[in-house]
file target13.txt (compact mmCIF, C-alpha atoms and all ligand atoms)
# COMPACT_ATOMS: atom_id res chain seq x y z
CA MET I 7 104.32 87.68 67.37
CA ALA I 8 105.77 91.12 66.77
CA LYS I 9 108.79 93.29 67.31
CA VAL I 10 108.39 96.46 69.37
CA ILE I 11 110.71 99.35 70.14
CA ILE I 12 110.40 100.98 73.55
CA ILE I 13 111.79 104.54 73.47
CA GLY I 14 112.85 105.74 76.93
CA ALA I 15 114.59 103.76 79.67
CA GLY I 16 113.41 105.73 82.70
CA GLY I 17 111.09 104.50 85.44
CA VAL I 18 108.18 103.88 83.07
CA GLY I 19 110.33 102.41 80.25
CA THR I 20 111.83 99.93 82.72
CA VAL I 21 108.37 98.66 83.73
CA VAL I 22 107.15 98.48 80.10
CA ALA I 23 110.21 96.42 79.15
CA HIS I 24 109.76 94.01 82.09
CA LYS I 25 106.07 93.55 81.33
CA CYS I 26 106.52 93.07 77.56
CA ALA I 27 109.22 90.48 78.27
CA GLN I 28 106.67 88.49 80.30
CA HIS I 29 104.66 87.97 77.06
CA PRO I 30 106.95 86.51 74.40
CA GLU I 31 103.85 85.10 72.65
CA VAL I 32 102.95 88.73 71.74
CA PHE I 33 106.24 90.64 71.97
CA SER I 34 108.64 88.25 70.26
CA GLU I 35 111.43 90.85 70.05
CA ILE I 36 111.89 93.93 72.23
CA VAL I 37 114.36 96.75 71.55
CA ILE I 38 114.89 99.33 74.30
CA ALA I 39 116.25 102.54 72.76
CA SER I 40 117.06 105.84 74.42
CA ARG I 41 119.55 108.68 74.45
CA THR I 42 121.71 107.06 77.12
CA ARG I 43 122.40 103.48 76.02
CA SER I 44 123.89 102.41 79.36
CA LYS I 45 120.44 102.84 80.95
CA CYS I 46 118.88 100.62 78.27
CA ASP I 47 121.62 98.04 78.78
CA ALA I 48 120.98 97.99 82.53
CA VAL I 49 117.27 97.33 81.98
CA ALA I 50 117.97 94.58 79.42
CA ALA I 51 120.52 92.98 81.78
CA ALA I 52 118.01 93.00 84.65
CA ILE I 53 115.47 91.23 82.41
CA GLY I 54 118.14 88.85 81.10
CA LYS I 55 116.37 87.43 78.02
CA PRO I 56 117.94 87.05 74.57
CA ASN I 57 114.94 88.64 72.79
CA VAL I 58 115.49 91.94 74.68
CA THR I 59 118.17 94.10 73.02
CA THR I 60 119.12 97.79 73.10
CA ASP I 61 119.95 100.66 70.78
CA THR I 62 120.58 104.42 70.90
CA VAL I 63 118.44 107.24 69.55
CA ASP I 64 117.93 110.94 70.05
CA ALA I 65 114.17 111.03 69.63
CA ASP I 66 114.22 114.78 68.94
CA SER I 67 115.59 113.85 65.50
CA VAL I 68 113.21 112.34 62.92
CA GLU I 69 116.25 111.30 60.89
CA GLN I 70 117.75 109.28 63.77
CA LEU I 71 114.35 107.76 64.54
CA CYS I 72 113.92 106.67 60.92
CA GLU I 73 117.37 105.08 60.94
CA LEU I 74 116.39 103.20 64.11
CA PHE I 75 113.07 102.07 62.63
CA ARG I 76 114.72 100.96 59.35
CA ARG I 77 117.34 98.99 61.29
CA HIS I 78 114.75 97.09 63.34
CA LYS I 79 111.50 97.23 61.35
CA PRO I 80 109.21 97.19 64.42
CA ALA I 81 105.43 96.74 64.20
CA MET I 82 104.93 99.33 66.94
CA VAL I 83 106.81 101.93 68.96
CA ILE I 84 105.96 102.43 72.63
CA ASN I 85 106.93 106.02 73.39
CA VAL I 86 107.83 106.43 77.06
CA ALA I 87 110.45 109.14 76.55
CA LEU I 88 109.26 112.68 77.39
CA PRO I 89 106.19 114.48 75.99
CA TYR I 90 108.53 116.76 73.98
CA GLN I 91 109.33 113.85 71.64
CA ASP I 92 105.74 112.83 70.74
CA LEU I 93 105.57 114.66 67.42
CA THR I 94 109.00 113.70 66.10
CA ILE I 95 108.25 110.06 66.90
CA MET I 96 104.83 110.30 65.19
CA ASP I 97 106.50 111.89 62.12
CA ALA I 98 109.01 109.04 61.94
CA CYS I 99 106.19 106.47 62.35
CA LEU I 100 104.44 107.95 59.31
CA GLU I 101 107.64 107.98 57.29
CA CYS I 102 108.53 104.36 58.12
CA GLY I 103 105.11 102.71 58.53
CA VAL I 104 105.23 102.03 62.29
CA ASN I 105 102.26 102.03 64.70
CA TYR I 106 102.46 104.29 67.75
CA LEU I 107 101.52 104.38 71.45
CA ASP I 108 102.34 106.94 74.18
CA THR I 109 101.41 107.82 77.77
CA ALA I 110 101.48 111.63 77.76
CA ASN I 111 100.31 114.31 75.33
CA TYR I 112 102.76 116.47 73.40
CA GLU I 113 104.10 119.53 75.20
CA PRO I 114 106.28 122.21 73.64
CA ARG I 115 109.44 122.70 75.70
CA ASP I 116 109.13 126.46 76.10
CA VAL I 117 105.52 126.62 77.34
CA ALA I 118 103.81 124.22 79.73
CA HIS I 119 100.64 123.76 77.76
CA PHE I 120 98.57 120.58 77.71
CA GLU I 121 96.25 119.82 74.83
CA TYR I 122 95.73 117.14 72.23
CA SER I 123 95.35 119.44 69.19
CA TRP I 124 98.95 118.90 68.04
CA GLN I 125 98.54 115.12 68.00
CA TRP I 126 94.93 115.08 66.78
CA ALA I 127 96.22 117.00 63.74
CA TYR I 128 97.87 113.71 62.64
CA ARG I 129 94.54 111.82 62.42
CA GLU I 130 94.08 111.89 58.67
CA ARG I 131 97.71 111.06 57.91
CA PHE I 132 97.69 107.98 60.19
CA GLU I 133 94.35 106.87 58.81
CA LYS I 134 95.51 107.19 55.20
CA ALA I 135 98.72 105.31 56.01
CA GLY I 136 96.69 102.50 57.63
CA LEU I 137 98.54 103.07 60.93
CA THR I 138 97.14 103.17 64.46
CA ALA I 139 98.26 105.73 67.05
CA ILE I 140 97.04 105.16 70.63
CA LEU I 141 97.35 108.30 72.77
CA GLY I 142 97.67 108.52 76.54
CA CYS I 143 97.87 104.84 77.50
CA GLY I 144 99.35 105.02 81.02
CA PHE I 145 97.15 105.09 84.13
CA ASP I 146 95.98 108.69 84.06
CA PRO I 147 95.70 109.37 81.19
CA GLY I 148 95.06 105.79 80.20
CA VAL I 149 93.20 103.46 82.53
CA SER I 150 91.20 106.50 83.76
CA GLY I 151 89.75 106.90 80.23
CA VAL I 152 89.14 103.17 79.84
CA PHE I 153 87.42 103.02 83.27
CA THR I 154 85.10 105.79 81.99
CA ALA I 155 84.42 103.91 78.74
CA TYR I 156 83.72 100.75 80.77
CA ALA I 157 81.23 102.64 82.96
CA ALA I 158 79.47 103.98 79.85
CA LYS I 159 79.36 100.56 78.20
CA HIS I 160 78.11 98.51 81.15
CA TYR I 161 76.33 100.80 83.61
CA PHE I 162 75.19 104.21 82.39
CA SER I 163 72.72 105.47 79.82
CA ALA I 164 74.02 108.99 80.57
CA MET I 165 77.05 109.90 82.67
CA GLU I 166 76.66 113.37 84.20
CA THR I 167 79.63 113.96 86.49
CA LEU I 168 83.12 112.49 86.32
CA ASP I 169 85.78 112.91 88.99
CA ILE I 170 89.13 111.22 88.44
CA VAL I 171 90.80 110.78 91.84
CA ASP I 172 94.52 110.06 92.12
CA CYS I 173 96.04 109.32 95.53
CA ASN I 174 99.62 108.41 96.29
CA ALA I 175 99.72 107.42 99.94
CA GLY I 176 103.25 106.08 99.67
CA ASN I 177 106.25 107.28 101.67
CA HIS I 178 109.74 107.22 100.12
CA GLY I 179 111.50 108.74 103.10
CA LYS I 180 112.92 111.73 101.17
CA ALA I 181 112.15 115.34 102.11
CA PHE I 182 111.15 116.09 98.52
CA ALA I 183 111.06 113.97 95.37
CA THR I 184 108.74 113.59 92.41
CA ASN I 185 107.39 110.21 91.34
CA PHE I 186 108.07 110.64 87.67
CA ASN I 187 110.27 112.93 85.63
CA PRO I 188 110.60 116.01 87.92
CA GLU I 189 110.61 118.52 85.06
CA ILE I 190 107.37 117.16 83.56
CA ASN I 191 105.77 116.70 86.98
CA ILE I 192 106.50 120.20 88.30
CA ARG I 193 105.39 121.83 85.02
CA GLU I 194 102.06 120.01 85.39
CA ILE I 195 101.37 120.85 89.03
CA THR I 196 102.37 124.51 88.97
CA GLN I 197 99.95 125.32 86.13
CA ASN I 198 96.52 126.83 86.63
CA GLY I 199 93.86 124.25 87.43
CA ARG I 200 90.99 123.76 85.00
CA TYR I 201 87.76 121.79 85.03
CA TYR I 202 84.80 121.30 82.72
CA LYS I 203 81.33 122.56 83.62
CA GLU I 204 78.25 122.81 81.38
CA GLY I 205 80.20 123.02 78.13
CA LYS I 206 82.87 125.47 79.38
CA TRP I 207 86.32 125.23 80.94
CA VAL I 208 86.62 126.95 84.32
CA VAL I 209 90.15 128.10 85.18
CA THR I 210 91.37 128.07 88.81
CA LYS I 211 94.61 129.23 90.40
CA PRO I 212 97.20 126.44 90.86
CA LEU I 213 95.96 124.06 93.60
CA GLU I 214 93.32 126.64 94.65
CA PHE I 215 90.53 124.11 95.28
CA HIS I 216 90.98 121.17 97.57
CA ARG I 217 88.90 118.86 99.70
CA THR I 218 89.30 115.77 101.81
CA LEU I 219 88.48 112.53 99.98
CA SER I 220 88.61 109.00 101.39
CA TYR I 221 90.54 106.40 99.45
CA PRO I 222 89.98 102.63 99.83
CA ASN I 223 92.39 100.96 102.26
CA ILE I 224 94.10 104.35 102.77
CA GLY I 225 91.60 106.71 104.41
CA PRO I 226 91.15 110.47 104.11
CA ARG I 227 93.68 112.53 102.14
CA GLU I 228 93.65 116.18 101.07
CA SER I 229 92.99 116.19 97.31
CA TYR I 230 93.70 119.13 94.98
CA LEU I 231 91.96 120.05 91.75
CA LEU I 232 94.35 120.03 88.78
CA TYR I 233 93.95 120.14 85.03
CA HIS I 234 94.70 116.76 83.51
CA GLU I 235 94.84 116.03 79.81
CA GLU I 236 92.34 113.15 79.63
CA LEU I 237 89.50 115.52 80.60
CA GLU I 238 89.78 117.13 77.14
CA SER I 239 89.04 113.96 75.16
CA LEU I 240 86.62 112.41 77.68
CA VAL I 241 84.13 115.30 77.57
CA LEU I 242 84.17 115.14 73.76
CA ASN I 243 83.79 111.37 73.58
CA PHE I 244 81.08 111.27 76.29
CA PRO I 245 79.05 114.41 75.62
CA THR I 246 76.42 113.73 78.34
CA ILE I 247 79.08 114.61 80.95
CA LYS I 248 78.19 117.99 82.45
CA GLN I 249 81.07 118.27 84.89
CA ALA I 250 84.53 116.68 84.73
CA ARG I 251 87.31 117.23 87.23
CA PHE I 252 90.65 115.71 88.25
CA TRP I 253 91.93 115.51 91.84
CA MET I 254 95.38 114.55 93.13
CA THR I 255 96.60 114.19 96.72
CA PHE I 256 99.62 116.08 98.05
CA GLY I 257 101.10 116.16 101.55
CA GLN I 258 101.90 119.44 103.33
CA GLU I 259 105.68 118.79 103.17
CA TYR I 260 105.51 118.37 99.40
CA LEU I 261 103.46 121.54 98.96
CA THR I 262 105.79 123.59 101.15
CA HIS I 263 108.81 122.48 99.12
CA LEU I 264 106.96 123.17 95.89
CA ARG I 265 106.08 126.71 97.05
CA VAL I 266 109.71 127.44 97.95
CA ILE I 267 110.91 126.04 94.60
CA GLN I 268 108.52 128.40 92.81
CA ASP I 269 109.21 131.40 95.07
CA ILE I 270 112.96 131.20 94.47
CA GLY I 271 112.56 130.82 90.70
CA MET I 272 113.67 127.21 90.41
CA ALA I 273 110.44 126.18 88.62
CA ARG I 274 111.18 128.59 85.74
CA ILE I 275 111.28 127.01 82.27
CA ASP I 276 112.89 129.95 80.47
CA GLU I 277 116.65 130.20 80.00
CA VAL I 278 118.81 132.21 82.41
CA GLU I 279 122.46 133.17 82.02
CA TYR I 280 124.76 131.47 84.53
CA ASN I 281 128.57 131.76 84.35
CA GLY I 282 128.42 132.55 80.64
CA GLN I 283 126.14 129.57 80.00
CA LYS I 284 122.41 129.37 79.40
CA ILE I 285 120.53 127.08 81.78
CA VAL I 286 116.85 126.37 82.43
CA PRO I 287 116.35 126.44 86.24
CA LEU I 288 113.81 123.58 86.27
CA GLN I 289 116.18 121.37 84.24
CA PHE I 290 118.98 122.17 86.68
CA LEU I 291 116.67 121.32 89.58
CA LYS I 292 115.94 117.94 87.97
CA ALA I 293 119.67 117.21 87.98
CA VAL I 294 119.91 117.65 91.77
CA LEU I 295 116.60 116.10 92.87
CA PRO I 296 116.35 112.38 93.66
CA ASN I 297 115.93 110.28 90.53
CA PRO I 298 112.36 108.85 90.57
CA GLN I 299 113.84 105.54 89.41
CA ASP I 300 115.80 105.24 92.66
CA LEU I 301 112.84 105.77 95.01
CA GLY I 302 111.47 102.22 94.81
CA LYS I 303 113.75 100.55 97.34
CA ASN I 304 112.45 102.35 100.42
CA TYR I 305 108.96 103.14 99.19
CA HIS I 306 106.11 101.92 101.41
CA GLY I 307 102.37 102.25 101.08
CA GLU I 308 100.15 102.31 98.03
CA THR I 309 98.54 104.35 95.29
CA SER I 310 94.81 104.45 94.61
CA ILE I 311 93.53 105.85 91.31
CA GLY I 312 90.00 105.69 90.02
CA CYS I 313 86.92 107.32 88.54
CA ARG I 314 83.89 108.46 90.51
CA ILE I 315 80.92 108.85 88.19
CA SER I 316 77.27 109.81 88.65
CA GLY I 317 74.41 109.80 86.18
CA LYS I 318 71.52 107.65 85.00
CA ASP I 319 71.75 103.88 84.79
CA LYS I 320 70.59 101.86 81.77
CA GLU I 321 66.96 102.10 83.05
CA GLY I 322 67.21 105.84 83.62
CA LYS I 323 67.49 105.62 87.44
CA PRO I 324 70.15 107.64 89.36
CA LEU I 325 73.44 105.75 89.81
CA THR I 326 76.80 106.44 91.40
CA TYR I 327 79.80 104.33 90.42
CA TYR I 328 83.39 104.16 91.64
CA ILE I 329 86.00 102.05 89.85
CA TYR I 330 89.59 102.02 91.09
CA ASN I 331 92.88 100.22 91.44
CA ASN I 332 95.18 100.21 94.47
CA CYS I 333 98.83 99.40 93.80
CA SER I 334 101.50 98.65 96.41
CA HIS I 335 104.90 100.34 96.03
CA GLU I 336 106.61 97.33 97.65
CA GLU I 337 105.01 94.79 95.29
CA ALA I 338 105.83 96.93 92.22
CA TYR I 339 109.44 97.18 93.37
CA LYS I 340 109.75 93.44 94.01
CA GLU I 341 108.65 92.68 90.46
CA THR I 342 110.34 95.40 88.41
CA GLY I 343 112.68 97.39 90.68
CA MET I 344 110.45 100.47 90.20
CA GLN I 345 107.84 102.18 92.44
CA ALA I 346 104.07 102.09 91.91
CA VAL I 347 103.79 105.32 89.90
CA SER I 348 106.08 103.94 87.19
CA TYR I 349 104.39 100.54 87.51
CA THR I 350 100.83 101.85 87.13
CA THR I 351 101.95 103.70 83.98
CA GLY I 352 104.04 100.91 82.43
CA VAL I 353 101.53 98.06 82.82
CA PRO I 354 98.74 99.83 80.85
CA ALA I 355 101.25 100.89 78.16
CA MET I 356 102.21 97.22 77.67
CA CYS I 357 98.53 96.20 77.69
CA GLY I 358 97.65 98.86 75.08
CA ALA I 359 100.43 97.58 72.82
CA MET I 360 99.20 94.02 73.41
CA MET I 361 95.65 95.08 72.43
CA PHE I 362 96.95 96.50 69.18
CA LEU I 363 99.22 93.60 68.33
CA THR I 364 96.52 91.00 69.02
CA GLY I 365 94.09 92.87 66.74
CA LYS I 366 91.70 94.10 69.47
CA TRP I 367 92.60 97.76 69.26
CA ASN I 368 93.65 97.96 65.63
CA LYS I 369 91.95 101.05 64.14
CA PRO I 370 93.91 103.24 61.70
CA GLY I 371 93.97 106.88 62.77
CA VAL I 372 94.90 108.70 65.99
CA HIS I 373 92.77 107.66 68.96
CA ASN I 374 92.42 108.26 72.67
CA VAL I 375 92.07 105.06 74.69
CA GLU I 376 88.35 105.48 75.47
CA GLU I 377 87.57 105.08 71.75
CA PHE I 378 88.42 101.36 71.90
CA ASP I 379 86.60 98.39 73.49
CA PRO I 380 87.42 98.67 77.23
CA ASP I 381 86.72 95.02 78.13
CA PRO I 382 89.78 93.13 76.81
CA PHE I 383 92.11 95.92 77.97
CA LEU I 384 90.76 95.93 81.53
CA THR I 385 90.98 92.13 81.65
CA ALA I 386 94.65 92.38 80.59
CA VAL I 387 95.39 95.15 83.10
CA ALA I 388 93.94 93.05 85.95
CA GLU I 389 95.85 89.94 84.85
CA ASN I 390 99.11 91.86 84.64
CA GLY I 391 99.32 93.28 88.14
CA LEU I 392 96.64 95.99 88.40
CA PRO I 393 93.40 94.41 89.65
CA TRP I 394 90.49 96.84 89.85
CA HIS I 395 87.34 97.08 91.95
CA GLU I 396 83.87 98.57 91.59
CA GLU I 397 81.42 100.14 94.04
CA LEU I 398 77.83 100.89 93.02
CA ASN I 399 75.60 103.48 94.67
CA GLY I 400 78.16 104.43 97.33
CA ASP I 401 78.89 107.97 98.53
CA LEU I 402 81.16 109.66 95.94
CA GLU I 403 81.94 112.51 98.44
CA LEU I 404 81.86 114.97 95.52
P1 LIG E 501 112.25 109.50 83.06
O1 LIG E 501 112.77 110.87 83.07
O2 LIG E 501 112.56 108.56 84.18
O3 LIG E 501 112.70 108.76 81.71
C1 LIG E 501 112.62 109.37 80.47
C2 LIG E 501 113.45 108.56 79.50
O4 LIG E 501 113.34 109.17 78.20
C3 LIG E 501 114.93 108.50 79.83
O5 LIG E 501 115.40 107.23 79.52
C4 LIG E 501 115.52 109.55 78.89
O6 LIG E 501 116.85 109.32 78.53
C5 LIG E 501 114.64 109.36 77.69
N1 LIG E 501 114.71 110.54 76.82
C6 LIG E 501 114.53 111.84 77.13
N2 LIG E 501 114.73 112.61 76.06
C7 LIG E 501 115.05 111.78 75.04
C8 LIG E 501 115.39 111.96 73.68
N3 LIG E 501 115.44 113.18 73.13
N4 LIG E 501 115.67 110.88 72.94
C9 LIG E 501 115.64 109.62 73.46
N5 LIG E 501 115.33 109.39 74.74
C10 LIG E 501 115.04 110.45 75.53
O7 LIG E 501 110.66 109.63 82.88
P2 LIG E 501 109.53 108.61 83.36
O8 LIG E 501 109.92 107.23 82.97
O9 LIG E 501 109.18 108.92 84.75
O10 LIG E 501 108.30 109.07 82.43
C11 LIG E 501 108.24 108.71 81.07
C12 LIG E 501 106.97 109.25 80.43
O11 LIG E 501 105.82 108.71 81.11
C13 LIG E 501 106.82 110.77 80.51
O12 LIG E 501 106.37 111.23 79.26
C14 LIG E 501 105.74 110.99 81.54
O13 LIG E 501 105.00 112.16 81.29
C15 LIG E 501 104.87 109.75 81.33
N6 LIG E 501 104.05 109.40 82.49
C16 LIG E 501 102.71 109.12 82.26
C17 LIG E 501 101.88 108.78 83.31
C18 LIG E 501 100.47 108.35 83.06
O14 LIG E 501 99.82 107.79 83.97
N7 LIG E 501 99.92 108.52 81.88
C19 LIG E 501 102.37 108.79 84.71
C20 LIG E 501 103.81 108.99 84.82
C21 LIG E 501 104.59 109.33 83.73
P3 LIG E 501 118.08 110.07 79.28
O15 LIG E 501 118.24 109.32 80.55
O16 LIG E 501 119.22 109.95 78.36
O17 LIG E 501 117.65 111.50 79.51

call {"tool": "encode", "arguments": {"input": "target13.txt", "output": "structure tokens", "more": "lines below"}}
Ligand code: NDP
result
Amino acid sequence: MAKVIIIGAGGVGTVVAHKCAQHPEVFSEIVIASRTRSKCDAVAAAIGKPNVTTDTVDADSVEQLCELFRRHKPAMVINVALPYQDLTIMDACLECGVNYLDTANYEPRDVAHFEYSWQWAYRERFEKAGLTAILGCGFDPGVSGVFTAYAAKHYFSAMETLDIVDCNAGNHGKAFATNFNPEINIREITQNGRYYKEGKWVVTKPLEFHRTLSYPNIGPRESYLLYHEELESLVLNFPTIKQARFWMTFGQEYLTHLRVIQDIGMARIDEVEYNGQKIVPLQFLKAVLPNPQDLGKNYHGETSIGCRISGKDKEGKPLTYYIYNNCSHEEAYKETGMQAVSYTTGVPAMCGAMMFLTGKWNKPGVHNVEEFDPDPFLTAVAENGLPWHEELNGDLEL
């Protein structure tokens, strides 16, 4: 029985709060805290349980975070605000003795750069303080890393290639919308692509490489090679991997809008002067785009995210392995009021916190999810709305 604070009351925070509230035997008290308290209040009201309360915090301020932590004395903080707040929240955790979990690696605001070095630099301090920090515990990063650890534990003596494949075959009926925070999403997609080959990182132009991949229960979809943060830790933690890539599907309509947004300068993350005021075009764009939290109502179809792995099995024979989850937007909405992208992120975040609080993933230091035992986590993920499936020796298409 433990108290947790969830920071962030967006699409993902809403799902985390709903899912934690379903397990009072683990999460005896839940505080939802964010910059805009009315959003936290709305989530708490929708859940309607006396052990779910709200508070306010600007998570850019270590001082405010420490005040929040001292007021509530949580065992763990589940950080589902934005990646910009990761380091301030980790600093406050160290100062106040709170364990930490997030779903996205730290990014500085002024440069869209994805790497774990900033957070890995906290390893020794968390270890010395006897605190656990679990990094990247959404779906991808998150379940994608645990799927890989599960494959290594149960099937492979040496994994050689890893392709993480992420398909959203849902339709929300809008001309253009992003499925999670638009600013974070557009920063990620408009970057150069990058993949790992024979010990080196190969850089590609944004969305330069694509191919048609078939997804279970969905069919063929054009899939684009992107850089994704979990590749960095997975190739270090599983050094037999010779090639690691990440693929995501996009429709033509989405890509056309994205190109126009970039061509007209609306994806810029530097400040511009407008009417005597400084604005960041991408932040302004976020203000006028549909709110990802409001997409759920008319969202149909499903997501399919998984890992396609090849290598040698435990006897040294060639093996291909595909492990994936499909998640329905309609079902996610019925349960939490949010679409499947928020749902597939929020369920694993709750499960990661549950693993820590029940002593299964309690390891002082700063860790990526694949460093823990995958079995109890994947059991919890399946029991909490994200069942997964395996295919051995099928065609990986890659
Ligand atoms: P939203 O934009 O919907 O929500 C973000 C929330 O954080 C809002 O409640 C916002 O409050 C709050 N917030 C922002 N800045 C601060 C601050 N300084 N102090 C306190 N609260 C703040 O985002 P999502 O819910 O879509 O995404 C949340 C996180 O999940 C992101 O980091 C995203 O990268 C990650 N994610 C991870 C995935 C994975 O599979 N690993 C997939 C999808 C998302 P306010 O409304 O006041 O701005």

call {"tool": "residues_near_ligand", "arguments": {"input": "target13.txt", "ligand": "ligand LIG 501 (chain E)", "cutoff": "7 Å", "atoms": "all atoms listed in the file", "output": "ChimeraX atom specification"}}
result
/I:13-19,40-42,45,63-66,86-89,91,109-110,142-148,185-187,190,298-299,347-348,350-351

call {"tool": "atom_distance", "arguments": {"input": "target13.txt", "atom1": "CA of Pro354 in chain I", "atom2": "CA of Glu337 in chain I"}}
result
16.5 Å

call {"tool": "residues_near_point", "arguments": {"input": "target13.txt", "point": "(116.2, 100.6, 92.8)", "cutoff": "12 Å", "atoms": "only C-alpha atoms", "output": "PyMOL selection string"}}
result
chain I and resi 16-17+20+48-49+52+178+296-305+335-336+338-345

call {"tool": "residues_around", "arguments": {"input": "target13.txt", "residues": "Val10 in chain I", "least_positions_apart": "2", "cutoff": "8 Å", "atoms": "only C-alpha atoms", "output": "list of chain:residue names"}}
result
I:Ala8, I:Ile12, I:Phe33, I:Glu35, I:Ile36, I:Val37, I:Pro80, I:Ala81, I:Met82, I:Val83, I:Ile84

call {"tool": "atom_distance", "arguments": {"input": "target13.txt", "atom1": "CA of Arg274 in chain I", "atom2": "CA of Thr262 in chain I"}}
result
17.1 Å

call {"tool": "closest_atom_pairs", "arguments": {"input": "target13.txt", "of": "range 50-129 of chain I", "to": "range 198-218 of chain I", "cutoff": "12 Å", "atoms": "only C-alpha atoms", "output": "tab-separated table"}}
result
residue	atom	partner	partner_atom	distance
I:Ala118	CA	I:Asn198	CA	10.4
I:His119	CA	I:Asn198	CA	10.3
I:Phe120	CA	I:Arg200	CA	11.0

call {"tool": "residues_around", "arguments": {"input": "target13.txt", "residues": "Phe362 in chain I", "least_positions_apart": "2", "cutoff": "12 Å", "atoms": "all atoms listed in the file", "output": "ChimeraX atom specification"}}
result
/I:7-8,10,32-33,81-84,105-107,137-140,143,355-360,364-370,373,375,378-379,382-383

call {"tool": "atom_distance", "arguments": {"input": "target13.txt", "atom1": "CA of Asp401 in chain I", "atom2": "CA of Ser220 in chain I"}}
result
10.2 Å

call {"tool": "closest_residue", "arguments": {"input": "target13.txt", "among": "I:Pro245, I:Pro287, I:Gly317, I:Gly176", "to": "Glu189 in chain I", "atoms": "all atoms listed in the file"}}
result
I:Pro287

call {"tool": "closest_residue", "arguments": {"input": "target13.txt", "among": "I:Leu93, I:Ala98, I:Ile285, I:Ala293", "to": "Gln70 in chain I", "atoms": "only C-alpha atoms"}}
result
I:Ala98

call {"tool": "closest_residue", "arguments": {"input": "target13.txt", "among": "I:Gly312, I:Gly282, I:Gly352, I:Gly371", "to": "Tyr327 in chain I", "atoms": "all atoms listed in the file"}}
result
I:Gly312

call {"tool": "closest_residue", "arguments": {"input": "target13.txt", "among": "I:Ala273, I:Ala183, I:Ile315, I:Val286", "to": "Gln197 in chain I", "atoms": "all atoms listed in the file"}}
result
I:Ala273

call {"tool": "build_atoms", "arguments": {"input": "target13.txt", "residues": "range 71-81 of chain I", "atoms": "N, CA, C and O atoms", "output": "PDB file, in the coordinates of the input"}}
result
ATOM      1  N   LEU I  71     115.445 108.702  64.267  1.00  0.00           N
ATOM      2  CA  LEU I  71     114.350 107.760  64.540  1.00  0.00           C
ATOM      3  C   LEU I  71     114.111 106.860  63.328  1.00  0.00           C
ATOM      4  O   LEU I  71     113.931 105.648  63.468  1.00  0.00           O
ATOM      5  N   CYS I  72     114.146 107.472  62.134  1.00  0.00           N
ATOM      6  CA  CYS I  72     113.920 106.670  60.920  1.00  0.00           C
ATOM      7  C   CYS I  72     115.041 105.651  60.733  1.00  0.00           C
ATOM      8  O   CYS I  72     114.777 104.502  60.347  1.00  0.00           O
ATOM      9  N   GLU I  73     116.261 106.047  61.034  1.00  0.00           N
ATOM     10  CA  GLU I  73     117.370 105.080  60.940  1.00  0.00           C
ATOM     11  C   GLU I  73     117.124 103.910  61.889  1.00  0.00           C
ATOM     12  O   GLU I  73     117.314 102.746  61.540  1.00  0.00           O
ATOM     13  N   LEU I  74     116.683 104.240  63.107  1.00  0.00           N
ATOM     14  CA  LEU I  74     116.390 103.200  64.110  1.00  0.00           C
ATOM     15  C   LEU I  74     115.289 102.269  63.609  1.00  0.00           C
ATOM     16  O   LEU I  74     115.402 101.036  63.684  1.00  0.00           O
ATOM     17  N   PHE I  75     114.215 102.879  63.085  1.00  0.00           N
ATOM     18  CA  PHE I  75     113.070 102.070  62.630  1.00  0.00           C
ATOM     19  C   PHE I  75     113.475 101.202  61.432  1.00  0.00           C
ATOM     20  O   PHE I  75     113.035 100.065  61.313  1.00  0.00           O
ATOM     21  N   ARG I  76     114.325 101.750  60.537  1.00  0.00           N
ATOM     22  CA  ARG I  76     114.720 100.960  59.350  1.00  0.00           C
ATOM     23  C   ARG I  76     115.633  99.809  59.757  1.00  0.00           C
ATOM     24  O   ARG I  76     115.600  98.743  59.163  1.00  0.00           O
ATOM     25  N   ARG I  77     116.450 100.056  60.808  1.00  0.00           N
ATOM     26  CA  ARG I  77     117.340  98.990  61.290  1.00  0.00           C
ATOM     27  C   ARG I  77     116.530  97.821  61.871  1.00  0.00           C
ATOM     28  O   ARG I  77     116.867  96.672  61.677  1.00  0.00           O
ATOM     29  N   HIS I  78     115.449  98.152  62.576  1.00  0.00           N
ATOM     30  CA  HIS I  78     114.750  97.090  63.340  1.00  0.00           C
ATOM     31  C   HIS I  78     113.406  96.669  62.761  1.00  0.00           C
ATOM     32  O   HIS I  78     112.895  95.626  63.126  1.00  0.00           O
ATOM     33  N   LYS I  79     112.825  97.526  61.932  1.00  0.00           N
ATOM     34  CA  LYS I  79     111.500  97.230  61.350  1.00  0.00           C
ATOM     35  C   LYS I  79     110.469  96.766  62.397  1.00  0.00           C
ATOM     36  O   LYS I  79     109.914  95.654  62.309  1.00  0.00           O
ATOM     37  N   PRO I  80     110.191  97.591  63.400  1.00  0.00           N
ATOM     38  CA  PRO I  80     109.210  97.190  64.420  1.00  0.00           C
ATOM     39  C   PRO I  80     107.778  97.329  63.899  1.00  0.00           C
ATOM     40  O   PRO I  80     107.520  98.114  62.986  1.00  0.00           O
ATOM     41  N   ALA I  81     106.856  96.575  64.521  1.00  0.00           N
ATOM     42  CA  ALA I  81     105.430  96.740  64.200  1.00  0.00           C
ATOM     43  C   ALA I  81     104.889  97.975  64.927  1.00  0.00           C
ATOM     44  O   ALA I  81     103.988  98.649  64.449  1.00  0.00           O
TER      45      ALA I  81
END
